[in-house]
$ cat final36.tsv   # TSV, C-alpha atoms
chain	number	residue	atom	x	y	z
A	1	MET	CA	151.55	113.29	145.28
A	2	SER	CA	153.53	112.24	142.19
A	3	SER	CA	153.32	113.99	138.80
A	4	ALA	CA	151.45	110.97	137.42
A	5	ASP	CA	148.85	111.33	140.16
A	6	ASN	CA	148.57	115.06	139.44
A	7	LYS	CA	148.04	114.39	135.76
A	8	MET	CA	145.40	111.79	136.53
A	9	MET	CA	143.64	114.18	138.92
A	10	ARG	CA	143.69	116.98	136.34
A	11	ARG	CA	142.36	114.59	133.70
A	12	ARG	CA	139.53	113.51	135.97
A	13	LEU	CA	138.63	117.11	136.75
A	14	ALA	CA	138.72	117.99	133.04
A	15	ASN	CA	136.49	115.02	132.20
A	16	ALA	CA	134.09	115.92	134.99
A	17	TYR	CA	133.98	119.55	133.82
A	18	LEU	CA	133.43	118.50	130.19
A	19	SER	CA	130.66	116.05	131.04
A	20	SER	CA	129.06	118.72	133.23
A	21	VAL	CA	129.11	121.27	130.40
A	22	ILE	CA	127.68	118.76	127.92
A	23	SER	CA	124.88	117.78	130.32
A	24	ILE	CA	123.98	121.41	130.96
A	25	SER	CA	124.13	122.19	127.22
A	26	LEU	CA	121.65	119.42	126.40
A	27	VAL	CA	119.26	120.66	129.06
A	28	LEU	CA	119.60	124.25	127.83
A	29	LEU	CA	118.91	123.08	124.28
A	30	LEU	CA	115.56	121.74	125.49
A	31	VAL	CA	114.97	125.08	127.23
A	32	GLY	CA	115.75	126.82	123.93
A	33	VAL	CA	113.26	124.67	122.00
A	34	ALA	CA	110.59	125.32	124.63
A	35	ALA	CA	111.38	129.06	124.57
A	36	MET	CA	111.08	129.07	120.76
A	37	LEU	CA	107.61	127.59	121.07
A	38	LEU	CA	106.71	130.03	123.84
A	39	VAL	CA	107.74	133.23	122.05
A	40	ASN	CA	106.03	132.05	118.85
A	41	ALA	CA	102.79	130.93	120.53
A	42	ARG	CA	101.08	134.17	119.46
A	43	SER	CA	102.31	133.76	115.87
A	44	VAL	CA	100.98	130.19	115.70
A	45	SER	CA	97.62	131.31	117.09
A	46	ASP	CA	97.42	134.23	114.63
A	47	TYR	CA	98.34	131.93	111.72
A	48	PHE	CA	95.38	129.63	112.35
A	49	LYS	CA	92.99	132.50	112.97
A	50	GLU	CA	94.03	134.39	109.85
A	51	ASN	CA	93.53	131.30	107.69
A	52	MET	CA	89.86	130.99	108.63
A	53	GLN	CA	87.72	132.03	105.68
A	54	VAL	CA	84.64	134.28	105.71
A	55	THR	CA	82.52	134.48	102.55
A	56	VAL	CA	80.68	137.65	101.53
A	57	MET	CA	77.79	136.60	99.26
A	58	MET	CA	76.68	139.39	96.93
A	59	LYS	CA	73.07	139.79	95.75
A	60	GLN	CA	72.05	138.02	92.55
A	61	ASN	CA	71.78	141.20	90.50
A	62	VAL	CA	75.30	142.42	91.43
A	63	THR	CA	77.69	142.27	88.46
A	64	ASP	CA	81.34	141.27	88.60
A	65	GLU	CA	82.39	144.89	87.98
A	66	ALA	CA	80.22	146.24	90.82
A	67	ALA	CA	81.48	143.56	93.19
A	68	MET	CA	85.14	144.25	92.34
A	69	ASP	CA	84.59	147.98	92.79
A	70	TYR	CA	83.01	147.31	96.21
A	71	GLN	CA	85.94	145.06	97.10
A	72	SER	CA	88.65	147.57	96.20
A	73	SER	CA	86.99	150.81	97.29
A	74	ILE	CA	85.16	149.76	100.47
A	75	LEU	CA	85.86	146.24	101.69
A	76	ASP	CA	89.67	146.26	101.50
A	77	GLY	CA	89.79	149.52	103.41
A	78	LYS	CA	88.03	148.17	106.49
A	79	ARG	CA	90.15	147.87	109.62
A	80	PHE	CA	89.50	144.16	110.15
A	81	ILE	CA	90.33	142.87	106.66
A	82	LYS	CA	93.66	141.10	106.17
A	83	LYS	CA	93.08	139.81	102.64
A	84	SER	CA	90.20	139.48	100.16
A	85	VAL	CA	89.79	137.34	97.04
A	86	PHE	CA	87.16	137.99	94.37
A	87	VAL	CA	85.18	134.92	93.21
A	88	SER	CA	83.22	135.36	89.96
A	89	LYS	CA	80.03	133.49	89.12
A	90	GLU	CA	81.91	131.26	86.67
A	91	GLN	CA	84.55	130.39	89.23
A	92	GLY	CA	81.87	129.71	91.85
A	93	GLN	CA	80.05	127.42	89.42
A	94	ARG	CA	83.24	125.47	88.70
A	95	GLU	CA	83.90	125.04	92.42
A	96	MET	CA	80.33	123.83	93.01
A	97	ALA	CA	80.58	121.48	90.03
A	98	ASP	CA	83.70	119.94	91.53
A	99	MET	CA	81.81	119.36	94.77
A	100	LEU	CA	78.33	118.35	93.49
A	101	GLY	CA	78.93	117.11	89.95
A	102	GLU	CA	78.80	118.69	86.51
A	103	ASP	CA	75.01	118.37	86.11
A	104	PHE	CA	73.97	120.07	89.37
A	105	LEU	CA	72.84	123.25	87.51
A	106	GLU	CA	70.38	121.38	85.29
A	107	VAL	CA	67.68	121.57	87.99
A	108	PHE	CA	67.82	125.39	87.96
A	109	GLU	CA	66.53	127.72	85.28
A	110	THR	CA	69.20	130.29	86.14
A	111	SER	CA	72.43	129.86	88.04
A	112	PRO	CA	71.90	130.22	91.80
A	113	ILE	CA	75.60	130.93	92.35
A	114	PRO	CA	76.15	134.63	93.11
A	115	VAL	CA	79.32	136.67	92.92
A	116	SER	CA	81.20	136.37	96.21
A	117	ILE	CA	84.30	137.66	97.97
A	118	ASP	CA	86.35	135.41	100.24
A	119	ILE	CA	88.00	137.32	103.07
A	120	THR	CA	90.37	136.52	105.87
A	121	LEU	CA	90.32	138.67	108.99
A	122	LYS	CA	93.07	139.99	111.21
A	123	ALA	CA	93.65	137.61	114.11
A	124	GLU	CA	92.28	139.94	116.79
A	125	TYR	CA	88.85	139.92	115.10
A	126	VAL	CA	88.49	136.12	115.01
A	127	SER	CA	86.24	135.65	118.02
A	128	ALA	CA	82.49	135.17	118.37
A	129	ASP	CA	81.76	138.75	119.47
A	130	SER	CA	84.08	140.44	116.98
A	131	LEU	CA	82.84	138.31	114.09
A	132	GLU	CA	79.26	139.36	114.79
A	133	VAL	CA	80.35	143.02	114.63
A	134	VAL	CA	82.18	142.32	111.36
A	135	ARG	CA	79.14	140.52	109.93
A	136	ARG	CA	76.78	143.39	110.74
A	137	GLU	CA	79.12	146.01	109.30
A	138	ILE	CA	79.62	144.16	106.02
A	139	ALA	CA	75.98	143.10	105.71
A	140	ALA	CA	74.91	146.78	105.99
A	141	SER	CA	75.98	147.32	102.36
A	142	PRO	CA	73.05	147.19	99.87
A	143	LEU	CA	75.20	145.00	97.59
A	144	VAL	CA	75.70	142.26	100.19
A	145	ASP	CA	73.17	139.47	100.57
A	146	GLU	CA	74.83	137.40	103.31
A	147	VAL	CA	78.05	136.99	105.28
A	148	VAL	CA	78.83	133.33	105.85
A	149	TYR	CA	81.22	131.78	108.36
A	150	GLN	CA	81.21	128.73	110.60
A	151	SER	CA	80.62	129.99	114.12
A	152	SER	CA	81.15	126.50	115.56
A	153	LEU	CA	84.56	126.38	113.87
A	154	VAL	CA	85.50	129.72	115.44
A	155	ASP	CA	84.48	128.52	118.91
A	156	ALA	CA	86.35	125.24	118.45
A	157	LEU	CA	89.43	127.05	117.15
A	158	ASN	CA	89.60	129.46	120.08
A	159	ALA	CA	88.89	126.71	122.63
A	160	ASN	CA	91.60	124.45	121.19
A	161	LEU	CA	94.14	127.28	121.01
A	162	ASN	CA	93.47	128.07	124.69
A	163	LYS	CA	93.95	124.40	125.58
A	164	ILE	CA	97.17	124.23	123.58
A	165	SER	CA	98.47	127.38	125.28
A	166	ALA	CA	97.66	125.93	128.72
A	167	VAL	CA	99.34	122.60	127.90
A	168	LEU	CA	102.37	124.42	126.47
A	169	GLY	CA	102.62	126.57	129.60
A	170	VAL	CA	102.55	123.52	131.88
A	171	PHE	CA	105.10	121.73	129.66
A	172	ILE	CA	107.51	124.67	129.74
A	173	ALA	CA	107.14	125.08	133.52
A	174	LEU	CA	107.78	121.35	133.99
A	175	LEU	CA	110.75	121.47	131.63
A	176	LEU	CA	112.28	124.40	133.50
A	177	PHE	CA	111.83	122.53	136.81
A	178	ILE	CA	113.46	119.40	135.39
A	179	SER	CA	116.23	121.54	133.91
A	180	PHE	CA	116.90	123.12	137.29
A	181	VAL	CA	117.00	119.72	139.02
A	182	LEU	CA	119.33	118.17	136.42
A	183	ILE	CA	121.68	121.13	136.29
A	184	ASN	CA	121.59	121.44	140.08
A	185	ASN	CA	122.61	117.78	140.44
A	186	THR	CA	125.38	118.19	137.86
A	187	VAL	CA	126.76	121.29	139.60
A	188	ARG	CA	126.37	119.67	143.03
A	189	LEU	CA	128.44	116.65	141.99
A	190	ASN	CA	131.09	118.88	140.48
A	191	VAL	CA	131.37	121.06	143.59
A	192	TYR	CA	131.01	118.13	146.02
A	193	ALA	CA	134.15	116.57	144.55
A	194	ARG	CA	136.04	119.58	145.93
A	195	ARG	CA	134.50	119.52	149.41
A	196	PHE	CA	137.84	118.90	151.12
A	197	THR	CA	139.32	121.97	149.41
A	198	ILE	CA	136.40	123.99	150.74
A	199	HIS	CA	136.92	122.59	154.23
A	200	THR	CA	140.64	123.45	154.10
A	201	MET	CA	139.85	127.02	153.09
A	202	LYS	CA	137.39	127.25	155.98
A	203	LEU	CA	140.05	126.01	158.42
A	204	VAL	CA	142.50	128.75	157.46
A	205	GLY	CA	139.85	131.40	158.18
A	206	ALA	CA	138.36	132.06	154.75
A	207	THR	CA	134.92	133.67	154.84
A	208	ARG	CA	131.91	132.21	153.07
A	209	SER	CA	131.95	134.94	150.42
A	210	PHE	CA	135.68	134.34	149.79
A	211	ILE	CA	135.08	130.58	149.43
A	212	ARG	CA	132.06	131.09	147.19
A	213	ALA	CA	133.71	133.59	144.85
A	214	PRO	CA	135.90	131.23	142.73
A	215	PHE	CA	133.10	128.66	142.52
A	216	LEU	CA	130.61	131.31	141.37
A	217	VAL	CA	133.04	132.63	138.75
A	218	GLN	CA	133.60	129.09	137.48
A	219	ALA	CA	129.84	128.49	137.49
A	220	ALA	CA	129.30	131.68	135.46
A	221	PHE	CA	131.86	130.59	132.84
A	222	GLN	CA	130.37	127.11	132.82
A	223	GLY	CA	126.84	128.48	132.33
A	224	VAL	CA	127.91	130.82	129.51
A	225	PHE	CA	129.97	128.11	127.78
A	226	ALA	CA	127.14	125.56	128.03
A	227	ALA	CA	124.62	128.16	126.81
A	228	PHE	CA	126.90	129.00	123.87
A	229	ILE	CA	127.01	125.32	122.85
A	230	ALA	CA	123.22	125.01	123.24
A	231	ILE	CA	122.64	128.16	121.15
A	232	ILE	CA	124.86	126.89	118.33
A	233	ALA	CA	123.04	123.52	118.39
A	234	LEU	CA	119.67	125.33	118.36
A	235	ILE	CA	120.65	127.51	115.37
A	236	VAL	CA	121.94	124.47	113.44
A	237	MET	CA	118.73	122.59	114.23
A	238	MET	CA	116.62	125.56	113.10
A	239	TYR	CA	118.63	125.79	109.86
A	240	PHE	CA	118.00	122.15	108.95
A	241	MET	CA	114.36	122.38	109.98
A	242	ARG	CA	113.93	125.43	107.76
A	243	SER	CA	115.18	123.51	104.72
A	244	GLU	CA	112.91	120.54	105.47
A	245	PHE	CA	109.80	122.28	106.83
A	246	GLN	CA	109.57	125.60	105.00
A	247	GLN	CA	105.88	126.05	105.82
A	248	LEU	CA	106.69	125.94	109.53
A	249	PHE	CA	108.81	129.06	109.16
A	250	GLU	CA	105.91	130.94	107.63
A	251	ILE	CA	104.51	130.77	111.18
A	252	PHE	CA	107.65	131.10	113.29
A	253	ARG	CA	109.21	134.56	113.55
A	254	LEU	CA	112.97	134.24	113.23
A	255	ASP	CA	113.43	137.78	114.53
A	256	LEU	CA	112.42	136.38	117.93
A	257	LEU	CA	115.47	134.08	117.87
A	258	LEU	CA	117.45	136.80	119.67
A	259	THR	CA	114.90	136.64	122.50
A	260	VAL	CA	115.33	132.86	122.66
A	261	ILE	CA	119.12	133.23	122.74
A	262	GLY	CA	118.76	135.65	125.64
A	263	ILE	CA	116.49	133.21	127.50
A	264	VAL	CA	118.96	130.33	127.03
A	265	LEU	CA	121.91	132.46	128.14
A	266	ALA	CA	120.05	133.83	131.16
A	267	SER	CA	118.84	130.33	132.10
A	268	GLY	CA	122.36	128.89	131.92
A	269	LEU	CA	123.80	131.67	134.05
A	270	ALA	CA	120.98	131.80	136.58
A	271	ILE	CA	120.65	128.06	137.17
A	272	CYS	CA	124.41	127.44	137.41
A	273	LEU	CA	124.96	130.39	139.76
A	274	ILE	CA	121.96	129.60	141.99
A	275	SER	CA	122.85	125.90	142.18
A	276	THR	CA	126.47	126.64	142.99
A	277	TRP	CA	125.49	129.20	145.64
A	278	PHE	CA	123.32	126.73	147.54
A	279	VAL	CA	125.71	123.78	147.16
A	280	VAL	CA	128.77	125.73	148.35
A	281	ASN	CA	126.82	127.18	151.30
A	282	LYS	CA	125.77	123.67	152.28
A	283	LEU	CA	129.31	122.29	152.02
A	284	VAL	CA	130.76	125.17	154.04
A	285	SER	CA	128.32	124.30	156.84
A	286	LEU	CA	129.40	120.64	156.97
A	287	LYS	CA	131.52	119.38	159.84
A	288	LYS	CA	134.68	117.40	159.19
A	289	ASP	CA	133.07	114.03	159.89
A	290	GLU	CA	130.17	114.79	157.51
A	291	LEU	CA	132.54	115.29	154.57
A	292	TYR	CA	132.97	111.52	154.20
A	293	TYR	CA	129.24	110.77	153.66
$ encode --input "final36.tsv" --output "structure tokens"
Amino acid sequence: MSSADNKMMRRRLANAYLSSVISISLVLLLVGVAAMLLVNARSVSDYFKENMQVTVMMKQNVTDEAAMDYQSSILDGKRFIKKSVFVSKEQGQREMADMLGEDFLEVFETSPIPVSIDITLKAEYVSADSLEVVRREIAASPLVDEVVYQSSLVDALNANLNKISAVLGVFIALLLFISFVLINNTVRLNVYARRFTIHTMKLVGATRSFIRAPFLVQAAFQGVFAAFIAIIALIVMMYFMRSEFQQLFEIFRLDLLLTVIGIVLASGLAICLISTWFVVNKLVSLKKDELYY
């Protein structure tokens, strides 16, 4: 074989290797996005739950000072409270006027709007059973007239979050399956191009483990290199998304990015090594005549 043919062969192998790495990197980028959604699923769920409002309506004779004292000394210290906001009578009247019109109070001799406290609960307490316990505990105070929340909204929220989690789980499982198939095909084509080299090694008495070893080492480097490219692309994408969608990153926990990086790296290594293992084993088992098909 001439030097020109050798150069052409090396160029073809380099192009095949490069296209293989790029293909695997793109697939691993999708795995990284899916993993980011997966590890932040709890954060997204907690965000929606902790933004559901519960209103504590005080009795008509409770003054602003008494309500604020109850809020700071008793309510804020309860285990299930995440945040509380005091709403005075005047503020409540303004909010009702915005909703019902400025003249809605003219039909009343005295203002029916009591002092109230808007609270948000910790995520683990936003369920039908827990909310009933919370309601009873708060309503036991002699200052409290009523604890108001939309039970139907709570049920709908939990049901929808469960559906979203199930859909996300199926999507990630499907994505991982597709990733394995695509990467497996890419690795198979790359290894299959060297089937005659494998056959020659087998003819001179090389064992399966000896034949597999260089391919597995190359697959490991290929998986790490592709994962490294995918991780860089994921970080760049997250950086630009953070500048454009700042509210999204109030939900996502960036400290979990290290977990995502580990998942991408492990996926690249595992899929490339497993695919190469099976492909090389299959090629070693082929007879000479089967190498041409």
$ residues_around --input "final36.tsv" --residues "region 269-277 of chain A" --least-positions-apart "2" --cutoff "6 Å" --atoms "only C-alpha atoms" --output "PDB file with C-alpha atoms, in the frame of the given file"
ATOM      1  CA  ASN A 184     121.590 121.440 140.080  1.00  0.00           C
ATOM      2  CA  LEU A 216     130.610 131.310 141.370  1.00  0.00           C
ATOM      3  CA  ALA A 219     129.840 128.490 137.490  1.00  0.00           C
ATOM      4  CA  ALA A 220     129.300 131.680 135.460  1.00  0.00           C
ATOM      5  CA  GLY A 223     126.840 128.480 132.330  1.00  0.00           C
ATOM      6  CA  ALA A 266     120.050 133.830 131.160  1.00  0.00           C
ATOM      7  CA  SER A 267     118.840 130.330 132.100  1.00  0.00           C
ATOM      8  CA  VAL A 279     125.710 123.780 147.160  1.00  0.00           C
ATOM      9  CA  VAL A 280     128.770 125.730 148.350  1.00  0.00           C
TER      10      VAL A 280
END
$ residues_around --input "final36.tsv" --residues "region 227-242 of chain A" --least-positions-apart "5" --cutoff "6 Å" --atoms "all atoms listed in the file" --output "PyMOL selection string"
chain A and resi 25+28-29+265+268
$ atom_distance --input "final36.tsv" --atom1 "CA of Leu175 (chain A)" --atom2 "CA of Phe48 (chain A)"
26.0 Å
$ residues_near_point --input "final36.tsv" --point "(110.0, 135.9, 117.0)" --cutoff "12 Å" --atoms "all atoms listed in the file" --output "list in words"
Ala35, Met36, Leu37, Leu38, Val39, Asn40, Ala41, Arg42, Ser43, Val44, Phe249, Glu250, Ile251, Phe252, Arg253, Leu254, Asp255, Leu256, Leu257, Leu258, Thr259, Val260 and Ile261 of chain A
$ atom_distance --input "final36.tsv" --atom1 "CA of Glu90 (chain A)" --atom2 "CA of Lys78 (chain A)"
26.8 Å
$ atom_distance --input "final36.tsv" --atom1 "CA of Ser88 (chain A)" --atom2 "CA of Ile74 (chain A)"
17.9 Å
$ build_atoms --input "final36.tsv" --residues "region 156-167 of chain A" --atoms "all heavy atoms" --output "tab-separated table (two decimals), keeping the file's coordinate frame"
chain	number	residue	atom	x	y	z
A	156	ALA	N	85.45	126.38	118.28
A	156	ALA	CA	86.35	125.24	118.45
A	156	ALA	C	87.81	125.67	118.31
A	156	ALA	O	88.68	125.22	119.08
A	156	ALA	CB	86.03	124.16	117.42
A	157	LEU	N	88.07	126.57	117.37
A	157	LEU	CA	89.43	127.05	117.15
A	157	LEU	C	89.95	127.77	118.38
A	157	LEU	O	91.06	127.48	118.87
A	157	LEU	CB	89.47	127.97	115.93
A	157	LEU	CG	90.81	128.65	115.63
A	157	LEU	CD1	91.87	127.62	115.30
A	157	LEU	CD2	90.66	129.64	114.47
A	158	ASN	N	89.17	128.71	118.91
A	158	ASN	CA	89.60	129.46	120.08
A	158	ASN	C	89.75	128.57	121.32
A	158	ASN	O	90.70	128.73	122.10
A	158	ASN	CB	88.62	130.60	120.37
A	158	ASN	CG	88.76	131.75	119.39
A	158	ASN	OD1	89.84	132.30	119.23
A	158	ASN	ND2	87.68	132.10	118.73
A	159	ALA	N	88.81	127.62	121.48
A	159	ALA	CA	88.89	126.71	122.63
A	159	ALA	C	90.14	125.84	122.55
A	159	ALA	O	90.85	125.65	123.55
A	159	ALA	CB	87.63	125.84	122.69
A	160	ASN	N	90.44	125.32	121.35
A	160	ASN	CA	91.60	124.45	121.19
A	160	ASN	C	92.90	125.23	121.35
A	160	ASN	O	93.87	124.71	121.93
A	160	ASN	CB	91.57	123.78	119.82
A	160	ASN	CG	90.51	122.69	119.73
A	160	ASN	OD1	90.18	122.06	120.73
A	160	ASN	ND2	89.96	122.47	118.56
A	161	LEU	N	92.94	126.46	120.85
A	161	LEU	CA	94.14	127.28	121.01
A	161	LEU	C	94.39	127.59	122.49
A	161	LEU	O	95.54	127.60	122.95
A	161	LEU	CB	94.01	128.58	120.21
A	161	LEU	CG	94.14	128.43	118.69
A	161	LEU	CD1	93.86	129.76	117.99
A	161	LEU	CD2	95.53	127.94	118.30
A	162	ASN	N	93.31	127.83	123.24
A	162	ASN	CA	93.47	128.07	124.69
A	162	ASN	C	93.99	126.82	125.39
A	162	ASN	O	94.84	126.91	126.29
A	162	ASN	CB	92.13	128.50	125.29
A	162	ASN	CG	91.71	129.89	124.86
A	162	ASN	OD1	92.55	130.72	124.53
A	162	ASN	ND2	90.41	130.15	124.85
A	163	LYS	N	93.48	125.65	124.98
A	163	LYS	CA	93.95	124.40	125.58
A	163	LYS	C	95.42	124.16	125.25
A	163	LYS	O	96.21	123.77	126.12
A	163	LYS	CB	93.11	123.23	125.07
A	163	LYS	CG	91.69	123.21	125.60
A	163	LYS	CD	90.91	122.03	125.01
A	163	LYS	CE	89.45	122.04	125.49
A	163	LYS	NZ	88.68	120.93	124.86
A	164	ILE	N	95.78	124.42	123.99
A	164	ILE	CA	97.17	124.23	123.58
A	164	ILE	C	98.09	125.16	124.34
A	164	ILE	O	99.17	124.77	124.79
A	164	ILE	CB	97.31	124.45	122.05
A	164	ILE	CG1	96.60	123.32	121.28
A	164	ILE	CG2	98.77	124.50	121.64
A	164	ILE	CD1	96.49	123.55	119.79
A	165	SER	N	97.66	126.42	124.53
A	165	SER	CA	98.47	127.38	125.28
A	165	SER	C	98.66	126.92	126.73
A	165	SER	O	99.75	127.04	127.29
A	165	SER	CB	97.80	128.76	125.25
A	165	SER	OG	97.70	129.24	123.93
A	166	ALA	N	97.57	126.40	127.34
A	166	ALA	CA	97.66	125.93	128.72
A	166	ALA	C	98.60	124.73	128.83
A	166	ALA	O	99.46	124.67	129.73
A	166	ALA	CB	96.27	125.55	129.23
A	167	VAL	N	98.47	123.78	127.90
A	167	VAL	CA	99.34	122.60	127.90
A	167	VAL	C	100.80	123.00	127.69
A	167	VAL	O	101.71	122.50	128.35
A	167	VAL	CB	98.89	121.59	126.83
A	167	VAL	CG1	99.91	120.47	126.67
A	167	VAL	CG2	97.53	121.01	127.19
